[in-house]
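*Asks:* Shown below is the structure under consideration.
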Amino acid sequence: KSRGVEDALVLGADPGKALIALRFIDGMELEVPPDWVATRPDGKPIRRNSQDTPSEENEEEEEDVVTPRWPPPAAPSAAALNSADYPLLRLLQVAAPAAEICGRMRDLFDRPRGLGLDGISAALRVALAAAPVAGQRACMEALCTFCNGGAEDAMVARHIANSILLSGCARLSCTSRQLEILRHARPLSEVQRAK
């Protein structure tokens, strides 16, 4: 029995069987018991006895959350999992710095004939389906960065906003600063800003 720790993407959970479906970095997919999953994508341990009650140390971090996501979106489809850009997906899951996320999104967006657009949309759909608060904020920070980037980043900002709206997430956690940027973002349409 292996006692090592490996990164894996959570594909879904089956409460009836009490199993969690995982996809490991090497592509292997496996259903495992919940106690095999030790940490969330942000590296924090999973609380087994409480139902997401914020601890005192996280209280300050949670204060600037504008709106929590509810209800949670449905599990991503197999097509979304297969077409998602894996490097971007991992950056979103671990809440990487906005510069890294934006760099990967820009690389995908600049591919000829729009070949990278589906990878961005699918990665956002998969990542936001189970993203922790830090991952949601990282996604919103990338969107804010492109909104503030000028004319050359306007199309990327619109594509990201559309992908977020179509991801199935009713609300995403963001800081008050991010919300203010998005409310006044010129690259976004009225509908995108309102949602």
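Labels for the structure tokens follow display order: chains A, B, ..., residues from 1 in each chain, ligands from 1.
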I'd like the contact shell of Asp153 of chain A - 12 Å cut-off, only C-alpha atoms, skipping same-chain residues fewer than 5 positions apart - returned as a PyMOL selection string.
*Replies:* chain A and resi 102-103+105-106+109-110+142-148+158-160+185-188
*Asks:* Separation of atom CA of Arg23 of chain A and atom CA of Val156 of chain A, in Å?
*Replies:*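 Atom CA of Val156 of chain A lies 28.7 Å from atom CA of Arg23 of chain A.
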*Asks:* Hey, which of A:Leu117, A:Ala130, A:Ala161, A:Ile101 ends up closest to Val191 of chain A? Count only C-alpha atoms.
*Replies:* A:Ala161
*Asks:* Would you work out the distance separating atom CA of Leu166 of chain A from atom CA of Val37 of chain A, expressed in Å to one decimal?
*Replies:*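 Value for the atom CA of Leu166 of chain A-atom CA of Val37 of chain A distance: 28.5 Å.
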*Asks:* Report the distance between atom CA of Leu91 of chain A and atom CA of Glu190 of chain A in Å, rounded to one decimal place.
*Replies:*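 Going from atom CA of Leu91 of chain A over to atom CA of Glu190 of chain A covers 28.7 Å.
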*Asks:* What lies within 9 Å of Ala134 of chain A using only C-alpha atoms, ignoring chain neighbours under 2 positions off, as a ChimeraX atom specification?
*Replies:* /A:42,92-95,131-132,136-139,173
